[in-house]
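Text of the file protein30.txt, holding compact mmCIF, C-alpha atoms:
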```
# COMPACT_ATOMS: atom_id res chain seq x y z
CA MET M 23 29.49 -6.87 -111.98
CA LYS M 24 33.16 -5.92 -112.01
CA GLN M 25 35.40 -6.61 -109.05
CA PHE M 26 38.07 -4.16 -107.89
CA ALA M 27 40.99 -4.36 -105.48
CA LEU M 28 42.36 -1.23 -103.83
CA VAL M 29 45.83 -1.35 -102.28
CA THR M 30 46.88 1.67 -100.21
CA PHE M 31 50.34 2.69 -99.05
CA GLY M 32 51.49 5.60 -96.94
CA CYS M 33 49.82 8.44 -95.10
CA LYS M 34 46.35 9.05 -93.68
CA VAL M 35 45.58 11.33 -96.63
CA ASN M 36 46.11 8.38 -98.95
CA GLN M 37 43.89 6.26 -96.71
CA TYR M 38 41.14 8.86 -96.91
CA GLU M 39 41.41 9.15 -100.68
CA SER M 40 41.22 5.37 -101.04
CA GLU M 41 38.10 5.30 -98.88
CA LYS M 42 36.42 7.79 -101.20
CA ILE M 43 37.41 5.79 -104.28
CA ARG M 44 36.09 2.59 -102.67
CA PHE M 45 32.86 4.26 -101.56
CA PHE M 46 31.96 5.71 -104.96
CA LEU M 47 33.01 2.68 -107.01
CA SER M 48 30.74 0.58 -104.80
CA ARG M 49 27.89 3.01 -105.50
CA TYR M 50 28.46 2.54 -109.23
CA GLY M 51 28.21 -1.22 -109.27
CA TYR M 52 31.76 -2.34 -108.56
CA THR M 53 32.40 -5.01 -105.92
CA PRO M 54 35.48 -4.71 -103.68
CA VAL M 55 37.65 -7.80 -103.18
CA GLU M 56 40.61 -8.30 -100.84
CA ASP M 57 42.62 -10.55 -103.16
CA TRP M 58 43.87 -8.60 -106.17
CA HIS M 59 44.33 -11.88 -108.07
CA GLN M 60 40.51 -11.98 -108.34
CA ALA M 61 40.04 -8.37 -109.43
CA ASP M 62 39.10 -7.01 -112.83
CA VAL M 63 40.51 -3.62 -111.79
CA ILE M 64 43.46 -3.06 -109.45
CA ILE M 65 44.13 0.40 -108.03
CA VAL M 66 47.38 1.05 -106.17
CA ASN M 67 47.30 4.27 -104.19
CA SER M 68 51.04 4.67 -103.85
CA CYS M 69 53.65 6.24 -101.57
CA VAL M 70 57.23 7.32 -102.33
CA VAL M 71 58.14 9.02 -99.06
CA THR M 72 61.32 6.90 -99.02
CA GLN M 73 63.22 5.26 -101.84
CA LYS M 74 62.48 1.91 -100.21
CA SER M 75 58.72 2.55 -100.30
CA GLU M 76 58.91 3.56 -103.96
CA GLN M 77 60.76 0.37 -104.83
CA LYS M 78 58.21 -1.70 -102.89
CA ASN M 79 55.34 -0.09 -104.82
CA ARG M 80 57.03 -0.66 -108.17
CA ARG M 81 57.77 -4.33 -107.42
CA LEU M 82 54.17 -4.97 -106.37
CA ILE M 83 52.70 -3.37 -109.50
CA ARG M 84 54.96 -5.45 -111.74
CA LYS M 85 53.93 -8.56 -109.81
CA MET M 86 50.24 -7.70 -110.11
CA LYS M 87 50.47 -7.38 -113.87
CA ARG M 88 52.48 -10.57 -114.15
CA GLU M 89 50.15 -12.67 -111.97
CA ASN M 90 46.85 -11.09 -113.06
CA PRO M 91 47.53 -9.96 -116.65
CA ALA M 92 43.84 -9.57 -117.51
CA ALA M 93 43.32 -6.95 -114.80
CA ARG M 94 43.34 -3.25 -115.53
CA VAL M 95 46.07 -1.85 -113.25
CA ILE M 96 45.91 1.81 -112.24
CA ALA M 97 48.89 3.33 -110.41
CA ALA M 98 47.64 6.39 -108.53
CA GLY M 99 49.24 8.98 -106.31
CA CYS M 100 52.84 9.90 -105.60
CA LEU M 101 54.43 7.11 -107.64
CA ALA M 102 52.64 8.37 -110.75
CA GLU M 103 54.27 11.77 -110.17
CA MET M 104 57.72 10.18 -110.51
CA GLY M 105 57.38 9.15 -114.16
CA PRO M 106 56.46 5.91 -116.00
CA VAL M 107 55.31 2.94 -113.92
CA GLU M 108 56.11 -0.45 -115.37
CA GLY M 109 53.13 -2.81 -115.19
CA ALA M 110 50.49 -0.09 -114.91
CA ASP M 111 47.95 0.31 -117.68
CA GLU M 112 47.21 3.86 -116.52
CA THR M 113 48.75 6.33 -114.11
CA VAL M 114 46.97 9.07 -112.18
CA GLY M 115 48.92 11.68 -110.21
CA ASN M 116 47.74 13.47 -107.10
CA GLN M 117 46.00 16.40 -108.78
CA GLU M 118 42.28 15.56 -108.86
CA LYS M 119 43.26 11.96 -108.08
CA ILE M 120 39.85 10.79 -106.87
CA ASN M 121 37.86 12.29 -109.73
CA ARG M 122 40.33 11.05 -112.33
CA VAL M 123 40.38 7.47 -111.04
CA LEU M 124 36.60 7.41 -110.82
CA GLY M 125 36.33 8.91 -114.30
CA LEU M 126 38.47 6.13 -115.77
CA LEU M 127 35.89 3.67 -114.43
CA GLN M 128 32.77 5.67 -115.34
CA ALA M 129 31.98 6.63 -111.76
CA ARG M 130 31.87 9.99 -110.02
CA GLN M 131 31.46 11.72 -106.68
CA ASP M 132 27.76 12.43 -106.42
CA ALA M 133 27.22 12.58 -102.63
CA PRO M 134 29.20 13.23 -99.44
CA LEU M 135 31.40 10.36 -98.25
CA GLY M 136 29.16 8.29 -96.00
CA ALA M 137 31.11 5.17 -95.10
CA PHE M 138 34.60 4.20 -93.95
CA SER M 139 36.27 0.81 -93.55
CA ASP M 140 36.86 1.51 -89.87
CA LYS M 141 33.46 1.31 -88.21
CA THR M 142 34.16 3.81 -85.43
CA ARG M 143 36.61 6.46 -86.67
CA ALA M 144 36.56 8.27 -90.02
CA PHE M 145 39.11 10.58 -91.61
CA ILE M 146 38.24 13.74 -93.51
CA LYS M 147 40.86 15.47 -95.65
CA ILE M 148 40.72 19.24 -95.27
CA GLU M 149 44.01 20.22 -96.96
CA ASP M 150 46.49 18.90 -99.51
CA GLY M 151 50.03 19.83 -100.55
CA CYS M 152 52.92 21.45 -98.71
CA ASN M 153 54.95 24.61 -99.18
CA GLN M 154 57.56 23.89 -96.50
CA PHE M 155 60.27 21.99 -98.45
CA CYS M 156 62.06 20.29 -95.57
CA SER M 157 65.42 19.17 -96.87
CA TYR M 158 64.68 15.43 -96.40
CA CYS M 159 61.15 15.39 -97.85
CA ILE M 160 59.95 14.65 -101.38
CA ILE M 161 56.27 15.33 -100.63
CA PRO M 162 56.12 18.98 -101.88
CA LEU M 163 57.30 17.68 -105.25
CA THR M 164 54.71 14.90 -105.44
CA ARG M 165 51.74 16.53 -103.72
CA GLY M 166 52.23 20.06 -104.98
CA ARG M 167 51.46 23.35 -103.28
CA GLU M 168 48.98 23.81 -100.47
CA ALA M 169 45.31 23.65 -101.39
CA TYR M 170 42.37 23.87 -99.01
CA LEU M 171 39.04 22.09 -99.21
CA PRO M 172 35.89 24.23 -98.77
CA VAL M 173 34.50 24.35 -95.25
CA ALA M 174 30.98 23.51 -96.45
CA ASP M 175 32.16 20.31 -98.16
CA ILE M 176 34.10 19.25 -95.06
CA LEU M 177 31.08 19.76 -92.82
CA ASP M 178 28.83 17.90 -95.28
CA GLU M 179 31.13 14.87 -95.04
CA ALA M 180 31.32 15.09 -91.25
CA ARG M 181 27.52 15.25 -91.07
CA ALA M 182 27.05 12.26 -93.40
CA LEU M 183 29.62 10.15 -91.56
CA SER M 184 28.21 10.97 -88.13
CA GLU M 185 24.67 10.24 -89.32
CA ASN M 186 25.94 6.81 -90.37
CA GLY M 187 27.29 6.03 -86.92
CA TYR M 188 30.90 7.19 -86.92
CA LYS M 189 31.58 8.53 -83.43
CA GLU M 190 35.04 10.03 -84.04
CA ILE M 191 36.01 12.36 -86.88
CA VAL M 192 39.74 12.77 -87.60
CA LEU M 193 40.77 15.83 -89.62
CA THR M 194 43.76 15.14 -91.82
CA GLY M 195 45.92 16.80 -94.46
CA ILE M 196 49.49 16.92 -95.73
CA HIS M 197 50.00 20.17 -93.79
CA LEU M 198 46.78 20.24 -91.82
CA GLY M 199 47.43 23.30 -89.69
CA ARG M 200 47.81 25.57 -92.73
CA HIS M 201 44.07 25.53 -93.48
CA PRO M 202 43.05 29.16 -92.85
CA ASP M 203 39.67 28.05 -91.46
CA LEU M 204 40.88 25.24 -89.21
CA LEU M 205 39.19 26.59 -86.08
CA LYS M 206 35.97 27.25 -87.98
CA ILE M 207 36.03 23.66 -89.22
CA ILE M 208 36.61 22.31 -85.72
CA ARG M 209 33.72 24.34 -84.31
CA GLY M 210 31.47 23.28 -87.16
CA VAL M 211 32.19 19.58 -86.68
CA ILE M 212 31.74 19.58 -82.90
CA ALA M 213 28.43 21.41 -83.33
CA LEU M 214 27.06 18.32 -85.10
CA GLU M 215 24.88 16.46 -82.62
CA LYS M 216 26.00 12.94 -83.51
CA VAL M 217 29.73 13.64 -83.48
CA SER M 218 31.14 12.47 -80.16
CA ARG M 219 34.83 13.12 -80.79
CA LEU M 220 37.00 15.24 -83.03
CA ARG M 221 40.73 14.64 -83.39
CA LEU M 222 43.55 16.21 -85.42
CA SER M 223 45.79 13.71 -87.19
CA SER M 224 48.95 15.84 -87.12
CA ILE M 225 49.89 19.48 -86.75
CA GLU M 226 53.14 21.45 -86.86
CA ILE M 227 54.20 23.08 -83.62
CA LEU M 228 54.05 26.63 -85.04
CA GLU M 229 50.37 26.09 -85.83
CA VAL M 230 49.29 25.10 -82.31
CA GLU M 231 47.67 28.38 -81.36
CA GLU M 232 46.21 29.33 -77.99
CA GLU M 233 42.65 29.27 -79.33
CA LEU M 234 43.12 25.63 -80.38
CA LEU M 235 44.55 24.76 -76.97
CA CYS M 236 41.57 26.41 -75.28
CA LEU M 237 39.22 24.22 -77.32
CA MET M 238 41.17 21.11 -76.38
CA GLN M 239 41.20 22.15 -72.76
CA GLY M 240 37.56 23.15 -72.52
CA HIS M 241 35.40 21.25 -75.01
CA PRO M 242 34.62 17.58 -74.33
CA LYS M 243 34.37 16.72 -78.02
CA VAL M 244 37.84 18.04 -78.96
CA MET M 245 40.35 15.35 -78.08
CA PRO M 246 43.28 16.54 -75.92
CA HIS M 247 45.91 14.98 -78.15
CA LEU M 248 48.47 16.52 -80.49
CA HIS M 249 50.68 14.66 -82.91
CA ILE M 250 53.49 17.14 -83.52
CA PRO M 251 56.22 15.96 -85.96
CA LEU M 252 59.24 17.58 -84.28
CA GLN M 253 61.86 15.50 -86.21
CA SER M 254 64.69 16.65 -83.90
CA GLY M 255 65.33 18.45 -80.63
CA SER M 256 68.54 20.12 -81.83
CA ASP M 257 68.94 23.58 -83.32
CA LYS M 258 71.74 22.45 -85.64
CA VAL M 259 69.76 19.54 -87.06
CA LEU M 260 66.55 21.56 -87.35
CA ARG M 261 68.40 24.14 -89.47
CA ALA M 262 69.88 21.41 -91.70
CA MET M 263 66.41 19.94 -92.09
CA ASN M 264 65.03 23.37 -93.06
CA ARG M 265 62.46 23.16 -90.29
CA PRO M 266 60.83 26.57 -89.69
CA TYR M 267 61.47 26.83 -85.94
CA SER M 268 64.39 26.91 -83.56
CA GLU M 269 65.13 24.67 -80.61
CA GLU M 270 64.30 27.55 -78.27
CA GLU M 271 60.95 28.26 -79.92
CA MET M 272 60.06 24.56 -79.91
CA ILE M 273 60.72 24.30 -76.15
CA ARG M 274 58.78 27.49 -75.43
CA ARG M 275 55.76 26.24 -77.36
CA LEU M 276 55.89 22.79 -75.76
CA GLU M 277 55.92 24.46 -72.36
CA ARG M 278 52.80 26.41 -73.34
CA ILE M 279 51.09 23.25 -74.61
CA ARG M 280 51.82 21.47 -71.33
CA SER M 281 50.51 24.44 -69.36
CA PHE M 282 47.15 24.06 -71.15
CA LEU M 283 47.16 20.26 -71.38
CA PRO M 284 49.14 18.84 -68.44
CA GLU M 285 47.46 15.46 -68.98
CA GLY M 286 46.97 15.77 -72.73
CA GLY M 287 48.51 13.22 -75.06
CA LEU M 288 51.59 14.18 -77.07
CA THR M 289 53.02 12.05 -79.88
CA THR M 290 55.70 12.83 -82.43
CA ASP M 291 58.06 11.74 -85.22
CA ILE M 292 61.84 11.81 -84.81
CA ILE M 293 64.46 11.24 -87.53
CA VAL M 294 67.67 9.61 -86.27
CA GLY M 295 71.01 9.75 -88.07
CA PHE M 296 70.51 12.93 -90.08
CA PRO M 297 73.72 14.19 -91.79
CA GLN M 298 76.08 15.93 -89.33
CA GLU M 299 74.05 14.73 -86.34
CA SER M 300 76.24 14.46 -83.23
CA GLU M 301 75.88 12.73 -79.88
CA GLU M 302 74.85 16.07 -78.38
CA ASP M 303 72.14 16.48 -81.01
CA ILE M 304 70.58 13.11 -80.26
CA ARG M 305 70.83 13.79 -76.52
CA LYS M 306 68.71 16.91 -77.03
CA SER M 307 66.06 14.88 -78.85
CA GLU M 308 66.02 12.36 -76.01
CA GLU M 309 65.60 15.15 -73.46
CA VAL M 310 62.62 16.68 -75.27
CA ILE M 311 60.80 13.32 -75.32
CA ARG M 312 61.43 12.72 -71.63
CA ARG M 313 60.80 16.25 -70.39
CA PHE M 314 57.45 16.70 -72.11
CA ALA M 315 56.29 13.08 -71.62
CA PHE M 316 55.61 12.15 -75.24
CA HIS M 317 53.82 8.83 -74.92
CA ARG M 318 54.33 7.61 -78.48
CA VAL M 319 57.31 8.33 -80.74
CA HIS M 320 57.61 7.19 -84.34
CA LEU M 321 61.34 6.73 -84.92
CA PHE M 322 62.78 6.81 -88.43
CA PRO M 323 66.42 6.22 -89.35
CA PHE M 324 67.39 8.85 -91.90
CA SER M 325 66.73 7.57 -95.41
CA PRO M 326 68.43 9.58 -98.19
CA ARG M 327 65.71 10.34 -100.74
CA PRO M 328 66.78 11.15 -104.30
CA GLY M 329 65.40 14.51 -105.36
CA THR M 330 65.77 16.11 -101.94
CA LYS M 331 68.49 18.45 -100.71
CA ALA M 332 69.47 16.07 -97.89
CA PHE M 333 70.29 13.32 -100.40
CA THR M 334 73.60 15.00 -101.24
CA MET M 335 74.49 16.15 -97.73
CA GLU M 336 77.75 14.89 -96.32
CA GLY M 337 78.49 13.63 -92.83
CA LYS M 338 75.98 10.80 -92.49
CA PRO M 339 76.65 8.89 -89.24
CA GLU M 340 77.89 5.30 -89.50
CA ARG M 341 75.24 2.58 -89.51
CA GLU M 342 76.38 1.27 -86.11
CA ALA M 343 76.07 4.75 -84.59
CA VAL M 344 72.57 5.14 -86.02
CA SER M 345 71.50 1.77 -84.61
CA GLU M 346 72.81 2.71 -81.17
CA ARG M 347 71.05 6.07 -81.31
CA MET M 348 67.81 4.41 -82.39
CA GLU M 349 68.02 2.24 -79.28
CA ARG M 350 68.64 5.26 -77.09
CA MET M 351 65.73 7.13 -78.61
CA ALA M 352 63.50 4.06 -78.18
CA GLU M 353 64.40 4.01 -74.48
CA ALA M 354 63.65 7.74 -74.24
CA ALA M 355 60.27 7.02 -75.85
CA ARG M 356 59.56 4.29 -73.29
CA GLU M 357 60.51 6.70 -70.52
CA GLY M 358 58.25 9.38 -72.02
CA GLN M 359 55.36 6.92 -72.02
CA ARG M 360 56.11 5.86 -68.44
CA ARG M 361 56.13 9.48 -67.29
CA PHE M 362 52.86 10.20 -69.09
CA LEU M 363 51.15 7.12 -67.65
CA GLU M 364 52.26 8.19 -64.17
CA LYS M 365 50.42 11.48 -64.78
CA VAL M 366 47.15 9.97 -65.98
CA SER M 367 46.98 6.60 -64.23
CA GLY M 368 43.77 6.29 -62.26
CA HIS M 369 42.29 9.53 -63.61
CA PRO M 370 38.85 9.48 -65.28
CA THR M 371 38.91 9.28 -69.08
CA SER M 372 36.95 7.38 -71.73
CA LEU M 373 37.41 4.63 -74.28
CA LEU M 374 35.88 4.37 -77.76
CA ILE M 375 35.59 0.61 -78.24
CA GLU M 376 36.84 -0.23 -81.72
CA SER M 377 37.39 -3.99 -81.81
CA GLU M 378 37.23 -7.24 -79.85
CA ILE M 379 40.72 -8.73 -79.93
CA SER M 380 39.74 -11.92 -78.08
CA PRO M 381 36.54 -13.11 -76.38
CA GLY M 382 35.65 -10.56 -73.73
CA CYS M 383 38.71 -8.36 -74.43
CA PHE M 384 38.19 -5.07 -76.25
CA THR M 385 40.51 -2.34 -77.45
CA GLY M 386 40.34 1.26 -78.60
CA TYR M 387 41.72 4.73 -77.96
CA THR M 388 41.26 7.15 -75.11
CA PRO M 389 40.94 10.88 -75.87
CA GLU M 390 44.68 11.19 -75.17
CA TYR M 391 45.38 8.62 -77.93
CA LEU M 392 46.37 5.79 -75.63
CA ARG M 393 45.49 2.40 -77.05
CA VAL M 394 44.18 0.42 -74.11
CA THR M 395 42.36 -2.85 -73.48
CA LEU M 396 39.17 -3.39 -71.51
CA SER M 397 37.78 -6.72 -70.31
CA GLY M 398 34.07 -7.41 -70.01
CA ASN M 399 30.93 -7.46 -72.10
CA TYR M 400 30.68 -4.39 -74.35
CA GLU M 401 29.32 -3.34 -77.71
CA LEU M 402 31.57 -2.03 -80.46
CA ASN M 403 31.39 1.68 -81.28
CA THR M 404 30.37 2.68 -77.78
CA ILE M 405 32.15 5.11 -75.46
CA VAL M 406 32.81 3.83 -71.96
CA PRO M 407 34.01 5.93 -68.98
CA VAL M 408 37.21 4.33 -67.70
CA THR M 409 40.41 4.75 -65.77
CA VAL M 410 43.71 3.51 -67.19
CA ASP M 411 46.61 1.95 -65.29
CA SER M 412 50.34 1.97 -66.05
CA GLY M 413 49.99 -1.26 -68.03
CA LEU M 414 47.47 0.30 -70.45
CA GLN M 415 44.64 -1.72 -68.98
CA ALA M 416 41.33 0.10 -68.66
CA ARG M 417 38.70 -0.34 -65.97
CA GLU M 418 35.15 0.89 -66.37
CA ILE M 419 34.02 3.63 -64.01
CA THR M 420 30.72 2.54 -62.47
CA ASP M 421 28.44 4.39 -60.09
CA VAL M 422 28.94 3.34 -56.49
```
Exercise: express the given structure as structure tokens:
Amino acid sequence: MKQFALVTFGCKVNQYESEKIRFFLSRYGYTPVEDWHQADVIIVNSCVVTQKSEQKNRRLIRKMKRENPAARVIAAGCLAEMGPVEGADETVGNQEKINRVLGLLQARQDAPLGAFSDKTRAFIKIEDGCNQFCSYCIIPLTRGREAYLPVADILDEARALSENGYKEIVLTGIHLGRHPDLLKIIRGVIALEKVSRLRLSSIEILEVEEELLCLMQGHPKVMPHLHIPLQSGSDKVLRAMNRPYSEEEMIRRLERIRSFLPEGGLTTDIIVGFPQESEEDIRKSEEVIRRFAFHRVHLFPFSPRPGTKAFTMEGKPEREAVSERMERMAEAAREGQRRFLEKVSGHPTSLLIESEISPGCFTGYTPEYLRVTLSGNYELNTIVPVTVDSGLQAREITDV
């Protein structure tokens, strides 16, 4: 029986695709191993979102071939779209990635995905590709144009995963909100009896429609959490980034979101140090985080990516200025979290218990996407009614 190692970099879409490859290879007689030194086949599902990540992927593949020369090394995904990959025996780009990798190993997709490495939450890809062409982003060139998975296939996967015990389904995609049947998919998933929770991995602010907000507000299975990659709070920077909304429209839509979900979770991505960014621009980003109580902010210093329009832009801030702005944004993020926890502290919510981090101490996510800890005696993959305090400690709600 052949052993395979699967190494995954990058986004949740990559994670989902790796799970499918792992699932079907296991069905066709392959055994997964953690240590790629022991593998007969090594699959690297790659990421090139930054030049640094591309270099990291290339170094690892060369090392794999050098230290396990007998293994068959397959470089899959975005790195394969960038040209030859030293050390790889075969390369597979993103188009039909799963089927092509499985085909190389005489396996195929012959059933809905029924298992996921995480025992409580499972991702389902509903869309691939992006047509937006933000000036800093290489993804439209490596993932291609938007493509949408059929609703029936998505619901088949959700049904199979829920039947196998997965309580939370997370819909994901490169540009998730562009699926024309997103609301139909959401309604179809939450209609499945054994699905307890549905969550969106990420959605652009222009795609947060009132009908979606009504579902989040009114249906207990639709998690009141939005990850909205704003990237900046400044009109000038948004235009330079080729983002498809203005500062004014962003604020107006955030106000509407907060009117529907005053205690809903908001998380975001912010790029710091974009070319021509000024102190006023970063101040605007800070203000957005504080004002709308974003409780988690992924901060990224601008990384010039060859092949993108932003790579040749002039006016990049000095490294010291970027470091100082990163600190300021980090403090704004802490303030956003403090403000959000003030809103929700002591209010009833729930916790999906995902893991035991020490004896008698469990962790997981609330509907609002707060990672909290809970002490006591609990079973994994159960949902417990709790309140959360300002220190992200949960306490079970019990009948008096």
* To do: Considering only C-alpha atoms, return as JSON, numbers by chain whatever protein or nucleic-acid residues lie within 9 Å of M:Ile160, sequence-local ones (same chain, fewer than 3 positions apart) excluded.
  => {"M": [70, 71, 72, 155, 156, 157, 163, 164, 165, 327, 328, 329, 330]}
* Pick from M:Met348, M:Ile227, M:Ile292, M:Ala182 nearest to M:Gly136, counting only C-alpha atoms -> M:Ala182
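Taking atom CA of M:Tyr52 and atom CA of M:Tyr188 as endpoints, the distance between them is 23.7 Å.
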* To do: For M:Leu214, please output as a list in words all residues within 10 Å (counting all atoms listed in the file; exclusion window: fewer than 4 positions along the same chain).
  => Leu177, Ala180, Arg181, Ser184, Glu185, Arg209, Gly210 and Ser218 of chain M
For M:Leu126, please output as a compact mmCIF listing (two decimals) with C-alpha atoms, in the coordinates of the input all residues within 10 Å (counting all atoms listed in the file; exclusion window: fewer than 4 positions along the same chain).
```txt
# COMPACT_ATOMS: atom_id res chain seq x y z
CA ILE M 96 45.91 1.81 -112.24
CA GLU M 112 47.21 3.86 -116.52
CA VAL M 114 46.97 9.07 -112.18
CA ASN M 121 37.86 12.29 -109.73
CA ARG M 122 40.33 11.05 -112.33
CA ARG M 130 31.87 9.99 -110.02
```
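Restricting the calculation to all atoms listed in the file, the smallest distance between M:Ile250 and any of M:Cys383, M:Leu198, M:Leu82, M:Leu220 is found for M:Leu198.
As for atom CA of M:Arg167 and atom CA of M:Met245, they are spaced 28.7 Å apart.
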Considering all atoms listed in the file, tabulate each residue of stretch 220-328 of chain M that lies at most 12 Å from stretch 33-37 of chain M along with its nearest interatomic pair and the corresponding distance in Å to one decimal; arrange the rows by chain and ascending residue number and present them as a Markdown table.
```
| residue | atom | partner | partner_atom | distance |
| --- | --- | --- | --- | --- |
| M:Leu222 | CA | M:Lys34 | CA | 11.3 |
| M:Ser223 | CA | M:Lys34 | CA | 8.0 |
| M:Ser224 | CA | M:Lys34 | CA | 9.8 |
```
* Asked: Can you find the residues with an atom no farther than 6 Å from (34.2, 13.0, -85.6), counting all atoms listed in the file, and report them as a PyMOL selection string?
  -> chain M and resi 189-192+217+219-220
Store the residues of this selection in a file with C-alpha atoms, as a PDB file, in the coordinates of the input.
```pdb
ATOM      1  CA  LYS M 189      31.580   8.530 -83.430  1.00  0.00           C
ATOM      2  CA  GLU M 190      35.040  10.030 -84.040  1.00  0.00           C
ATOM      3  CA  ILE M 191      36.010  12.360 -86.880  1.00  0.00           C
ATOM      4  CA  VAL M 192      39.740  12.770 -87.600  1.00  0.00           C
ATOM      5  CA  VAL M 217      29.730  13.640 -83.480  1.00  0.00           C
ATOM      6  CA  ARG M 219      34.830  13.120 -80.790  1.00  0.00           C
ATOM      7  CA  LEU M 220      37.000  15.240 -83.030  1.00  0.00           C
TER       8      LEU M 220
END
```
* Asked: Leaving out M:Gly151 and any residue of its chain fewer than 5 positions from it, which residues lie within 10 Å of it when counting all atoms listed in the file, given as a list in words?
  -> Asn116, Gln117, Ile161, Pro162, Leu163, Thr164, Arg165, Gly166, Arg167, Glu168, Ala169, Tyr170, Gly195, Ile196, His197, Leu198 and Arg200 of chain M
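Picture a line from atom CA of M:Ser377 to atom CA of M:Leu414; it runs 15.8 Å.
The residue that comes closest to M:Gly386, out of M:Glu401, M:Asp203, M:Glu118, M:Glu56 and on the basis of all atoms listed in the file, is M:Glu401.
Here the question is which of M:Ile419, M:Cys100, M:Val95, M:Arg88 gets nearest to M:Cys69 using all atoms listed in the file, and that residue is M:Cys100.
Neighbours of M:Gly286 closer than or equal to 8 Å, with only C-alpha atoms counted and sequence neighbours fewer than 4 positions away skipped, come out as M:Pro246, M:His247, M:Leu248, M:Arg280, M:Glu390.
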